[in-house]
$ cat start_3.cif   # mmCIF, C-alpha atoms
data_my_file
#
loop_
_atom_site.label_atom_id
_atom_site.label_comp_id
_atom_site.auth_asym_id
_atom_site.auth_seq_id
_atom_site.Cartn_x
_atom_site.Cartn_y
_atom_site.Cartn_z
CA MET A 523 -59.70 19.08 15.26
CA GLY A 524 -55.92 19.13 15.81
CA GLU A 525 -55.30 16.26 13.36
CA VAL A 526 -56.96 18.03 10.44
CA SER A 527 -54.44 19.91 8.36
CA GLY A 528 -54.15 21.77 5.06
CA PRO A 529 -52.93 25.12 3.74
CA GLU A 530 -56.17 26.91 4.60
CA TYR A 531 -56.02 25.73 8.19
CA THR A 532 -52.37 26.72 8.46
CA GLU A 533 -53.13 30.21 7.13
CA SER A 534 -55.92 30.51 9.66
CA GLU A 535 -53.67 29.27 12.47
CA ILE A 536 -51.01 31.88 11.62
CA GLN A 537 -53.62 34.62 11.48
CA ARG A 538 -54.92 33.66 14.91
CA LEU A 539 -51.40 33.29 16.31
CA LEU A 540 -50.43 36.82 15.24
CA ALA A 541 -53.67 38.39 16.50
CA GLU A 542 -53.94 36.53 19.79
CA HIS A 543 -50.30 36.12 20.86
CA PRO A 544 -49.86 38.47 23.84
CA ASP A 545 -46.63 39.94 22.46
CA ILE A 546 -47.84 40.48 18.90
CA ALA A 547 -51.51 41.57 18.56
CA GLU A 548 -51.26 42.13 14.81
CA GLN A 549 -54.43 41.83 12.77
CA GLY A 550 -53.10 43.32 9.56
CA ILE A 551 -50.73 40.54 8.46
CA THR A 552 -51.76 38.18 5.67
CA ALA A 553 -50.33 34.65 5.55
CA MET A 554 -50.47 32.61 2.34
CA ILE A 555 -49.20 29.06 1.92
CA ARG A 556 -47.51 28.20 -1.37
CA GLY A 557 -46.18 24.65 -1.24
CA ASP A 558 -43.79 24.52 1.72
CA THR A 559 -43.43 28.31 1.83
CA VAL A 560 -45.33 30.82 3.95
CA LEU A 561 -45.69 34.29 2.42
CA LEU A 562 -46.22 37.03 5.01
CA CYS A 563 -47.53 40.42 3.84
CA GLY A 564 -48.70 43.58 5.57
CA GLU A 565 -47.38 46.55 7.51
CA VAL A 566 -46.28 47.03 11.11
CA GLU A 567 -45.15 49.98 13.21
CA SER A 568 -41.53 48.98 13.88
CA PRO A 569 -38.70 46.77 12.56
CA GLU A 570 -38.77 44.94 15.90
CA ARG A 571 -42.35 43.84 15.30
CA ARG A 572 -41.49 42.55 11.83
CA ARG A 573 -38.61 40.49 13.22
CA HIS A 574 -40.74 39.20 16.07
CA ILE A 575 -43.50 38.04 13.70
CA GLU A 576 -41.04 36.25 11.42
CA GLN A 577 -39.40 34.59 14.41
CA LEU A 578 -42.68 33.48 15.95
CA VAL A 579 -44.03 31.97 12.72
CA GLY A 580 -40.68 30.22 12.17
CA GLU A 581 -40.78 28.68 15.65
CA ARG A 582 -44.39 27.57 15.31
CA PHE A 583 -43.91 26.02 11.84
CA PRO A 584 -40.28 24.79 11.82
CA GLY A 585 -40.63 22.83 8.56
CA VAL A 586 -41.64 25.69 6.32
CA THR A 587 -39.71 28.43 4.52
CA ILE A 588 -40.78 31.97 5.41
CA ARG A 589 -40.77 34.66 2.77
CA SER A 590 -41.60 37.95 4.45
CA ASP A 591 -42.78 41.04 2.63
CA ILE A 592 -43.81 42.87 5.79
CA GLY A 593 -43.13 46.59 5.63
CA VAL A 594 -42.69 49.23 8.34
CA THR A 595 -45.17 52.07 7.80
CA ARG A 596 -43.52 55.38 7.02
CA ALA A 597 -44.13 58.15 9.58
CA GLY A 598 -42.84 61.27 7.87
CA PRO A 599 -44.59 64.66 7.80
CA PRO A 600 -47.51 65.11 5.39
CA ASP A 601 -46.65 66.53 2.00
CA GLY A 602 -49.85 68.54 1.58
CA VAL A 603 -53.25 69.62 2.84
CA GLU A 604 -56.57 68.34 1.51
CA GLU A 605 -58.94 71.29 1.16
CA LEU A 606 -62.55 70.28 1.73
CA THR A 607 -64.69 73.17 0.54
CA MET B 804 -60.19 77.95 7.46
CA ILE B 805 -59.90 75.26 10.16
CA ARG B 806 -57.00 72.84 9.74
CA ILE B 807 -57.59 69.39 11.18
CA ALA B 808 -54.73 66.90 11.50
CA ALA B 809 -55.66 63.26 11.95
CA VAL B 810 -54.17 59.79 12.25
CA ALA B 811 -55.38 56.44 13.63
CA ASP B 812 -54.02 52.98 14.35
CA VAL B 813 -50.61 54.04 15.62
CA HIS B 814 -50.50 50.99 17.96
CA MET B 815 -47.98 52.54 20.33
CA ASP B 816 -45.61 50.62 22.58
CA THR B 817 -42.04 51.31 23.65
CA ASP B 818 -40.69 50.19 20.25
CA VAL B 819 -42.66 52.92 18.44
CA VAL B 820 -41.88 55.86 20.73
CA GLY B 821 -40.05 58.53 18.75
CA ARG B 822 -41.20 57.44 15.27
CA PHE B 823 -43.99 60.05 14.99
CA ARG B 824 -42.53 62.80 17.13
CA PRO B 825 -40.17 64.39 14.57
CA ALA B 826 -43.08 64.94 12.18
CA LEU B 827 -45.25 66.25 15.01
CA GLU B 828 -42.84 68.85 16.38
CA ARG B 829 -43.99 71.52 13.90
CA LEU B 830 -47.65 70.54 14.01
CA PRO B 831 -48.93 73.94 15.26
CA GLU B 832 -47.64 75.49 12.02
CA LYS B 833 -49.72 73.05 9.99
CA ALA B 834 -52.89 72.34 11.98
CA ASP B 835 -55.19 73.75 14.66
CA VAL B 836 -56.17 70.44 16.24
CA LEU B 837 -55.09 66.78 16.10
CA LEU B 838 -57.64 63.96 16.03
CA LEU B 839 -56.60 60.40 16.95
CA GLY B 840 -58.97 57.77 15.55
CA GLY B 841 -58.44 54.86 17.90
CA ASP B 842 -56.11 51.86 18.25
CA LEU B 843 -53.64 54.14 19.93
CA THR B 844 -52.07 51.16 21.73
CA ARG B 845 -51.36 47.48 21.01
CA HIS B 846 -53.26 45.95 23.93
CA GLY B 847 -54.78 48.84 25.85
CA THR B 848 -52.47 48.89 28.88
CA PRO B 849 -51.58 51.97 30.95
CA ASP B 850 -47.90 51.49 30.04
CA GLU B 851 -48.75 51.62 26.35
CA ALA B 852 -50.96 54.65 27.01
CA ARG B 853 -47.90 56.34 28.54
CA CYS B 854 -46.15 55.78 25.20
CA VAL B 855 -49.09 57.48 23.46
CA ALA B 856 -48.85 60.33 25.96
CA ALA B 857 -45.12 60.74 25.31
CA GLU B 858 -45.60 60.74 21.54
CA PHE B 859 -48.80 62.78 21.17
CA GLY B 860 -48.89 64.91 24.34
CA GLY B 861 -47.66 68.49 24.63
CA LEU B 862 -47.85 69.25 20.93
CA GLY B 863 -49.09 72.83 21.20
CA VAL B 864 -52.52 72.06 19.71
CA PRO B 865 -55.54 70.35 21.29
CA VAL B 866 -55.46 66.57 20.88
CA ILE B 867 -58.80 64.74 20.80
CA ALA B 868 -59.09 60.95 20.59
CA VAL B 869 -61.42 58.00 20.53
CA LEU B 870 -60.31 54.52 21.51
CA GLY B 871 -60.28 51.45 19.24
CA ASN B 872 -60.69 47.73 19.71
CA HIS B 873 -56.99 47.25 20.58
CA ASP B 874 -57.34 49.85 23.34
CA HIS B 875 -60.07 47.69 24.90
CA HIS B 876 -58.18 44.39 24.78
CA CYS B 877 -56.87 44.35 28.38
CA ASP B 878 -60.07 45.78 29.91
CA GLN B 879 -58.18 48.76 31.35
CA VAL B 880 -60.04 51.50 29.52
CA ASP B 881 -60.48 53.76 32.57
CA GLU B 882 -56.74 53.68 33.33
CA VAL B 883 -55.85 54.30 29.68
CA VAL B 884 -58.23 57.28 29.51
CA GLU B 885 -56.76 58.64 32.75
CA VAL B 886 -53.17 58.42 31.50
CA LEU B 887 -54.10 60.11 28.23
CA GLY B 888 -56.08 62.78 30.06
CA GLU B 889 -53.09 63.61 32.26
CA ALA B 890 -51.15 64.26 29.04
CA GLY B 891 -53.86 66.60 27.77
CA ILE B 892 -55.31 64.07 25.31
CA GLN B 893 -59.09 64.20 25.62
CA VAL B 894 -60.82 60.88 24.95
CA LEU B 895 -64.38 61.00 23.61
CA GLU B 896 -66.89 58.15 23.85
CA GLY B 897 -70.44 59.16 23.12
CA THR B 898 -69.36 62.67 24.01
CA GLY B 899 -68.31 65.84 22.25
CA VAL B 900 -66.17 68.91 22.63
CA THR B 901 -66.27 72.38 21.12
CA LEU B 902 -63.13 74.40 20.40
CA ARG B 903 -62.92 78.02 19.28
CA ILE B 904 -60.39 78.39 16.47
CA ASP B 905 -59.92 81.88 15.03
CA GLY B 906 -63.46 82.76 16.03
CA VAL B 907 -64.96 79.60 14.55
CA ARG B 908 -66.52 77.01 16.81
CA LEU B 909 -65.33 73.52 15.85
CA GLY B 910 -67.43 70.73 17.33
CA VAL B 911 -66.07 67.18 17.50
CA ALA B 912 -68.32 64.26 18.42
CA GLY B 913 -66.52 61.01 19.12
CA ALA B 914 -67.30 57.34 19.64
CA LYS B 915 -65.46 54.10 19.03
CA GLY B 916 -68.31 52.75 16.94
CA PHE B 917 -68.56 49.05 16.15
CA GLY B 918 -69.33 46.55 13.39
CA GLY B 919 -72.33 44.86 11.86
CA GLY B 920 -71.94 45.66 8.19
CA PHE B 921 -73.61 47.92 5.71
CA ALA B 922 -77.11 48.54 4.46
CA GLY B 923 -78.67 45.53 2.79
CA ARG B 924 -75.89 43.18 3.94
CA CYS B 925 -75.78 43.72 7.68
CA ALA B 926 -76.38 41.82 10.87
CA THR B 927 -79.59 42.47 12.79
CA GLU B 928 -80.73 42.15 16.39
CA PHE B 929 -82.18 38.70 15.81
CA GLY B 930 -81.41 35.18 16.94
CA GLU B 931 -78.83 34.19 19.52
CA PRO B 932 -78.13 36.50 22.45
CA GLU B 933 -74.53 36.93 21.24
CA THR B 934 -75.69 38.19 17.84
CA LYS B 935 -78.24 40.50 19.37
CA ALA B 936 -75.67 41.91 21.82
CA PHE B 937 -73.21 42.57 18.99
CA VAL B 938 -75.69 44.55 16.90
CA ARG B 939 -77.25 46.23 19.92
CA HIS B 940 -73.86 47.65 20.90
CA THR B 941 -73.47 49.19 17.45
CA ARG B 942 -76.99 50.62 17.56
CA GLU B 943 -76.52 52.12 21.01
CA VAL B 944 -73.13 53.64 20.16
CA SER B 945 -74.56 55.08 16.95
CA GLU B 946 -77.58 56.55 18.73
CA ARG B 947 -75.30 58.25 21.25
CA LEU B 948 -73.12 59.59 18.44
CA ALA B 949 -76.19 61.00 16.67
CA GLY B 950 -77.38 62.70 19.84
CA VAL B 951 -74.00 64.31 20.46
CA LEU B 952 -73.62 65.48 16.85
CA GLN B 953 -77.10 67.01 16.91
CA GLY B 954 -76.46 68.69 20.25
CA LEU B 955 -73.16 70.35 19.43
CA ASP B 956 -73.45 74.15 19.43
CA CYS B 957 -70.84 74.92 16.78
CA ASP B 958 -70.14 76.23 13.28
CA VAL B 959 -68.22 73.22 11.92
CA ARG B 960 -69.14 69.69 12.99
CA VAL B 961 -66.76 66.70 12.75
CA ALA B 962 -67.46 63.05 13.65
CA LEU B 963 -64.55 60.96 14.97
CA THR B 964 -64.86 57.17 15.17
CA HIS B 965 -62.60 54.13 15.03
CA TYR B 966 -64.90 51.89 12.99
CA SER B 967 -65.97 52.97 9.52
CA PRO B 968 -69.39 54.46 8.73
CA VAL B 969 -69.18 53.53 5.02
CA PRO B 970 -67.88 50.68 2.85
CA ASP B 971 -66.17 53.15 0.47
CA THR B 972 -63.11 53.50 2.69
CA LEU B 973 -62.82 49.73 3.14
CA VAL B 974 -61.94 49.06 -0.49
CA GLY B 975 -58.81 46.91 -0.38
CA GLU B 976 -59.98 44.90 2.62
CA PRO B 977 -61.43 41.41 2.06
CA LEU B 978 -65.19 41.71 1.49
CA GLU B 979 -65.75 38.89 3.98
CA ILE B 980 -64.60 41.01 6.94
CA TYR B 981 -66.56 44.21 6.16
CA PRO B 982 -69.08 43.43 8.95
CA PHE B 983 -66.19 43.60 11.44
CA LEU B 984 -64.94 46.92 10.10
CA GLY B 985 -67.94 49.19 10.43
CA SER B 986 -71.64 49.83 10.24
CA HIS B 987 -74.07 51.91 8.24
CA LEU B 988 -75.68 52.89 11.56
CA LEU B 989 -72.68 55.17 12.13
CA ALA B 990 -73.29 56.83 8.76
CA GLN B 991 -76.93 57.29 9.68
CA ALA B 992 -75.84 59.06 12.86
CA ILE B 993 -73.41 61.26 10.95
CA ASP B 994 -76.09 62.14 8.39
CA SER B 995 -78.56 63.06 11.12
CA ALA B 996 -76.69 66.32 11.79
CA ASP B 997 -75.03 68.96 9.63
CA THR B 998 -71.68 67.16 9.71
CA SER B 999 -68.79 68.47 7.61
CA LEU B 1000 -66.35 65.59 7.91
CA ALA B 1001 -66.18 62.07 9.33
CA ILE B 1002 -62.80 60.64 10.35
CA HIS B 1003 -62.14 56.98 11.14
CA GLY B 1004 -59.41 54.32 11.18
CA HIS B 1005 -59.43 50.52 11.81
CA ALA B 1006 -59.25 49.43 8.15
CA HIS B 1007 -55.48 49.04 7.64
CA MET B 1008 -55.87 47.78 4.09
CA GLY B 1009 -58.72 50.11 3.17
CA SER B 1010 -58.65 53.32 1.18
CA GLU B 1011 -58.65 57.00 2.05
CA ARG B 1012 -61.82 58.58 0.70
CA GLY B 1013 -65.53 57.93 0.88
CA MET B 1014 -68.86 59.61 1.39
CA THR B 1015 -71.97 58.84 3.44
CA PRO B 1016 -75.34 58.41 1.71
CA GLY B 1017 -76.11 61.95 2.92
CA GLY B 1018 -73.02 63.40 1.22
CA VAL B 1019 -70.69 63.79 4.22
CA ARG B 1020 -67.05 63.26 3.31
CA VAL B 1021 -65.42 60.31 5.08
CA ARG B 1022 -61.68 59.88 5.48
CA ASN B 1023 -59.89 56.72 6.65
CA VAL B 1024 -56.73 57.91 8.42
CA ALA B 1025 -55.42 54.50 9.51
CA HIS B 1026 -51.66 54.89 9.56
CA PRO B 1027 -50.97 52.02 7.11
CA VAL B 1028 -53.41 53.69 4.69
CA ILE B 1029 -52.07 57.26 4.82
CA LYS B 1030 -48.41 56.16 5.15
CA GLN B 1031 -47.35 59.38 6.85
CA ALA B 1032 -47.45 60.68 10.42
CA TYR B 1033 -50.83 62.41 9.90
CA CYS B 1034 -53.10 63.97 7.29
CA VAL B 1035 -54.30 67.57 7.30
CA PHE B 1036 -57.79 68.56 6.18
CA ALA B 1037 -58.73 72.22 5.71
CA LEU B 1038 -62.40 73.04 6.23
CA ASN B 1039 -64.17 76.29 5.49
CA GLY B 1040 -65.41 77.68 8.76
CA ALA B 1041 -68.60 79.72 8.59
CA GLY B 1042 -68.59 81.90 11.70
CA PRO B 1043 -71.62 82.79 13.80
CA THR B 1044 -72.50 85.56 11.34
CA GLY B 1045 -72.19 83.24 8.39
CA ASP B 1046 -68.95 84.90 7.30
CA ASP B 1047 -66.06 82.87 6.01
CA THR B 1048 -63.44 83.44 8.68
CA GLU B 1049 -60.46 82.27 6.67
#
$ encode --input "start_3.cif" --output "structure tokens"
Amino acid sequence: MGEVSGPEYTESEIQRLLAEHPDIAEQGITAMIRGDTVLLCGEVESPERRRHIEQLVGERFPGVTIRSDIGVTRAGPPDGVEELT
Amino acid sequence: MIRIAAVADVHMDTDVVGRFRPALERLPEKADVLLLGGDLTRHGTPDEARCVAAEFGGLGVPVIAVLGNHDHHCDQVDEVVEVLGEAGIQVLEGTGVTLRIDGVRLGVAGAKGFGGGFAGRCATEFGEPETKAFVRHTREVSERLAGVLQGLDCDVRVALTHYSPVPDTLVGEPLEIYPFLGSHLLAQAIDSADTSLAIHGHAHMGSERGMTPGGVRVRNVAHPVIKQAYCVFALNGAGPTGDDTE
């Protein structure tokens, strides 16, 4: 199993890494392989988590370039009320 | 009018403490109750629950929660519930609570829910023991939710789950993972009573609005979906006499 490789398997490996790593536990990050670049997309709850994810993927796949588009979800007050009548 | 604030999937840990609190400080001016739709923590540890307690405790309105799959990860559910309870955050699981708000009785029935998929494209209790156990859990949770909703003695009835009762609020998620995001059995439970609103989370890439086959409004309040500290829904409250108590 470990000798089989390809972009799909790498995407799957990143997804599992981010969900199952004890310090990460993120299920909402999408990883896409484009050539030798990994694109990371999604949202997290803090800038620390974004940095940690980028660092972890970089350590696990040292030969690839990481382009991260991970955002930190805004947590401001609501700008209105939805009336359900 | 009853004003219900709601958010889910806040995934608290020490690095998130303080991010929601500024928007929550004036919550009593904007809402009568706050509902938390699960995945309150990252891994479901008591330490993370203490972060939830610090962020969402002592707000000046009742706070009612269900847990999510993340809150179960470390198998410390009892400790998590205890920590939240000490902070005044009431956790529902196959249970309900009734609050009196300006003379109107608001009933909230809560359960984590589970997956399995949606009518016509769902898993069934057939085959391997693992498959049967998966679907059985959803069925049993849904049956308990139905019983609680039907038994609430209230004027306005709200269902609170983590998993989604409808596919409508999953739009944006990959179709392939819908069976892990919710079940139509939850919608069936919600439709079995005179429910006014169903709140859920879990689907970070889903969408806000949906409706059960029975016409009950469904709202996905996952934090990455609503992109604000919480949403507020205003519901007409018919009092015991049938009067609008706005």
$ atom_distance --input "start_3.cif" --atom1 "atom CA of Ala890 of chain B" --atom2 "atom CA of His876 of chain B"
21.5 Å
$ closest_residue --input "start_3.cif" --among "B:Gly930, B:Gly916, B:Gly954, B:Pro825" --to "chain A" --atoms "only C-alpha atoms"
B:Pro825
$ interface_residues --input "start_3.cif" --of "chain B" --to "chain A" --cutoff "8 Å" --atoms "only C-alpha atoms" --output "PDB file with C-alpha atoms, in the coordinates of the input"
ATOM      1  CA  VAL B 813     -50.610  54.040  15.620  1.00  0.00           C
ATOM      2  CA  HIS B 814     -50.500  50.990  17.960  1.00  0.00           C
ATOM      3  CA  ASP B 818     -40.690  50.190  20.250  1.00  0.00           C
ATOM      4  CA  VAL B 819     -42.660  52.920  18.440  1.00  0.00           C
ATOM      5  CA  ARG B 822     -41.200  57.440  15.270  1.00  0.00           C
ATOM      6  CA  PHE B 823     -43.990  60.050  14.990  1.00  0.00           C
ATOM      7  CA  PRO B 825     -40.170  64.390  14.570  1.00  0.00           C
ATOM      8  CA  ALA B 826     -43.080  64.940  12.180  1.00  0.00           C
ATOM      9  CA  LEU B 827     -45.250  66.250  15.010  1.00  0.00           C
ATOM     10  CA  ARG B 845     -51.360  47.480  21.010  1.00  0.00           C
ATOM     11  CA  HIS B 846     -53.260  45.950  23.930  1.00  0.00           C
ATOM     12  CA  HIS B1007     -55.480  49.040   7.640  1.00  0.00           C
ATOM     13  CA  MET B1008     -55.870  47.780   4.090  1.00  0.00           C
ATOM     14  CA  HIS B1026     -51.660  54.890   9.560  1.00  0.00           C
ATOM     15  CA  PRO B1027     -50.970  52.020   7.110  1.00  0.00           C
ATOM     16  CA  LYS B1030     -48.410  56.160   5.150  1.00  0.00           C
ATOM     17  CA  GLN B1031     -47.350  59.380   6.850  1.00  0.00           C
ATOM     18  CA  ALA B1032     -47.450  60.680  10.420  1.00  0.00           C
ATOM     19  CA  TYR B1033     -50.830  62.410   9.900  1.00  0.00           C
ATOM     20  CA  CYS B1034     -53.100  63.970   7.290  1.00  0.00           C
ATOM     21  CA  VAL B1035     -54.300  67.570   7.300  1.00  0.00           C
ATOM     22  CA  PHE B1036     -57.790  68.560   6.180  1.00  0.00           C
ATOM     23  CA  ALA B1037     -58.730  72.220   5.710  1.00  0.00           C
ATOM     24  CA  LEU B1038     -62.400  73.040   6.230  1.00  0.00           C
ATOM     25  CA  ASN B1039     -64.170  76.290   5.490  1.00  0.00           C
TER      26      ASN B1039
END
$ residues_around --input "start_3.cif" --residues "Val1019 of chain B" --least-positions-apart "2" --cutoff "8 Å" --atoms "only C-alpha atoms" --output "PDB file with C-alpha atoms, keeping the file's coordinate frame"
ATOM      1  CA  ILE B 993     -73.410  61.260  10.950  1.00  0.00           C
ATOM      2  CA  ASP B 994     -76.090  62.140   8.390  1.00  0.00           C
ATOM      3  CA  THR B 998     -71.680  67.160   9.710  1.00  0.00           C
ATOM      4  CA  SER B 999     -68.790  68.470   7.610  1.00  0.00           C
ATOM      5  CA  LEU B1000     -66.350  65.590   7.910  1.00  0.00           C
ATOM      6  CA  ALA B1001     -66.180  62.070   9.330  1.00  0.00           C
ATOM      7  CA  MET B1014     -68.860  59.610   1.390  1.00  0.00           C
ATOM      8  CA  THR B1015     -71.970  58.840   3.440  1.00  0.00           C
ATOM      9  CA  PRO B1016     -75.340  58.410   1.710  1.00  0.00           C
ATOM     10  CA  GLY B1017     -76.110  61.950   2.920  1.00  0.00           C
ATOM     11  CA  VAL B1021     -65.420  60.310   5.080  1.00  0.00           C
TER      12      VAL B1021
END
$ closest_residue --input "start_3.cif" --among "B:Gly1040, B:Leu963, B:Ala992, B:Gly1004" --to "Val810 of chain B" --atoms "all atoms listed in the file"
B:Gly1004
$ residues_around --input "start_3.cif" --residues "segment 526-535 of chain A" --least-positions-apart "5" --cutoff "12 Å" --atoms "all atoms listed in the file" --output "VMD selection string"
chain A and resid 540 to 543 549 551 to 562 579 582 to 583 586
$ atom_distance --input "start_3.cif" --atom1 "atom CA of Asp997 of chain B" --atom2 "atom CA of Arg960 of chain B"
6.8 Å
$ residues_around --input "start_3.cif" --residues "Ala852 of chain B" --least-positions-apart "4" --cutoff "12 Å" --atoms "only C-alpha atoms" --output "ChimeraX atom specification"
/B:813-817,820,841-848,856-860,870,873-875,877,879-890,892,894
$ write_last_selection --input "start_3.cif" --atoms "C-alpha atoms" --output "short mmCIF file (atom, residue, chain, number, x, y, z; two decimals), keeping the file's coordinate frame"
data_model
loop_
_atom_site.label_atom_id
_atom_site.label_comp_id
_atom_site.auth_asym_id
_atom_site.auth_seq_id
_atom_site.Cartn_x
_atom_site.Cartn_y
_atom_site.Cartn_z
CA VAL B 813 -50.61 54.04 15.62
CA HIS B 814 -50.50 50.99 17.96
CA MET B 815 -47.98 52.54 20.33
CA ASP B 816 -45.61 50.62 22.58
CA THR B 817 -42.04 51.31 23.65
CA VAL B 820 -41.88 55.86 20.73
CA GLY B 841 -58.44 54.86 17.90
CA ASP B 842 -56.11 51.86 18.25
CA LEU B 843 -53.64 54.14 19.93
CA THR B 844 -52.07 51.16 21.73
CA ARG B 845 -51.36 47.48 21.01
CA HIS B 846 -53.26 45.95 23.93
CA GLY B 847 -54.78 48.84 25.85
CA THR B 848 -52.47 48.89 28.88
CA ALA B 856 -48.85 60.33 25.96
CA ALA B 857 -45.12 60.74 25.31
CA GLU B 858 -45.60 60.74 21.54
CA PHE B 859 -48.80 62.78 21.17
CA GLY B 860 -48.89 64.91 24.34
CA LEU B 870 -60.31 54.52 21.51
CA HIS B 873 -56.99 47.25 20.58
CA ASP B 874 -57.34 49.85 23.34
CA HIS B 875 -60.07 47.69 24.90
CA CYS B 877 -56.87 44.35 28.38
CA GLN B 879 -58.18 48.76 31.35
CA VAL B 880 -60.04 51.50 29.52
CA ASP B 881 -60.48 53.76 32.57
CA GLU B 882 -56.74 53.68 33.33
CA VAL B 883 -55.85 54.30 29.68
CA VAL B 884 -58.23 57.28 29.51
CA GLU B 885 -56.76 58.64 32.75
CA VAL B 886 -53.17 58.42 31.50
CA LEU B 887 -54.10 60.11 28.23
CA GLY B 888 -56.08 62.78 30.06
CA GLU B 889 -53.09 63.61 32.26
CA ALA B 890 -51.15 64.26 29.04
CA ILE B 892 -55.31 64.07 25.31
CA VAL B 894 -60.82 60.88 24.95
#
$ resolve_selection --input "start_3.cif" --expression "the PyMOL selection byres ((chain B and resi 901-904) around 8)" --output "VMD selection string"
chain B and resid 805 835 899 to 900 905 to 911 955 to 957
$ write_last_selection --input "start_3.cif" --atoms "C-alpha atoms" --output "PDB file, in the coordinates of the input"
ATOM      1  CA  ILE B 805     -59.900  75.260  10.160  1.00  0.00           C
ATOM      2  CA  ASP B 835     -55.190  73.750  14.660  1.00  0.00           C
ATOM      3  CA  GLY B 899     -68.310  65.840  22.250  1.00  0.00           C
ATOM      4  CA  VAL B 900     -66.170  68.910  22.630  1.00  0.00           C
ATOM      5  CA  ASP B 905     -59.920  81.880  15.030  1.00  0.00           C
ATOM      6  CA  GLY B 906     -63.460  82.760  16.030  1.00  0.00           C
ATOM      7  CA  VAL B 907     -64.960  79.600  14.550  1.00  0.00           C
ATOM      8  CA  ARG B 908     -66.520  77.010  16.810  1.00  0.00           C
ATOM      9  CA  LEU B 909     -65.330  73.520  15.850  1.00  0.00           C
ATOM     10  CA  GLY B 910     -67.430  70.730  17.330  1.00  0.00           C
ATOM     11  CA  VAL B 911     -66.070  67.180  17.500  1.00  0.00           C
ATOM     12  CA  LEU B 955     -73.160  70.350  19.430  1.00  0.00           C
ATOM     13  CA  ASP B 956     -73.450  74.150  19.430  1.00  0.00           C
ATOM     14  CA  CYS B 957     -70.840  74.920  16.780  1.00  0.00           C
TER      15      CYS B 957
END
$ resolve_selection --input "start_3.cif" --expression "the PyMOL selection byres ((chain B and resi 838) around 8)" --output "JSON, numbers by chain"
{"B": [807, 808, 809, 810, 836, 837, 839, 840, 866, 867, 868, 963]}
$ residues_around --input "start_3.cif" --residues "Gly950 of chain B" --least-positions-apart "3" --cutoff "9 Å" --atoms "only C-alpha atoms" --output "PDB file with C-alpha atoms, keeping the file's coordinate frame"
ATOM      1  CA  GLY B 897     -70.440  59.160  23.120  1.00  0.00           C
ATOM      2  CA  SER B 945     -74.560  55.080  16.950  1.00  0.00           C
ATOM      3  CA  GLU B 946     -77.580  56.550  18.730  1.00  0.00           C
ATOM      4  CA  ARG B 947     -75.300  58.250  21.250  1.00  0.00           C
ATOM      5  CA  GLN B 953     -77.100  67.010  16.910  1.00  0.00           C
ATOM      6  CA  GLY B 954     -76.460  68.690  20.250  1.00  0.00           C
ATOM      7  CA  LEU B 955     -73.160  70.350  19.430  1.00  0.00           C
ATOM      8  CA  ALA B 992     -75.840  59.060  12.860  1.00  0.00           C
ATOM      9  CA  SER B 995     -78.560  63.060  11.120  1.00  0.00           C
ATOM     10  CA  ALA B 996     -76.690  66.320  11.790  1.00  0.00           C
TER      11      ALA B 996
END
$ atom_distance --input "start_3.cif" --atom1 "atom CA of Asn872 of chain B" --atom2 "atom CA of Val944 of chain B"
13.8 Å
$ closest_residue --input "start_3.cif" --among "B:Gly1009, B:Cys925, B:Val869, B:Ala912" --to "Pro977 of chain B" --atoms "all atoms listed in the file"
B:Gly1009
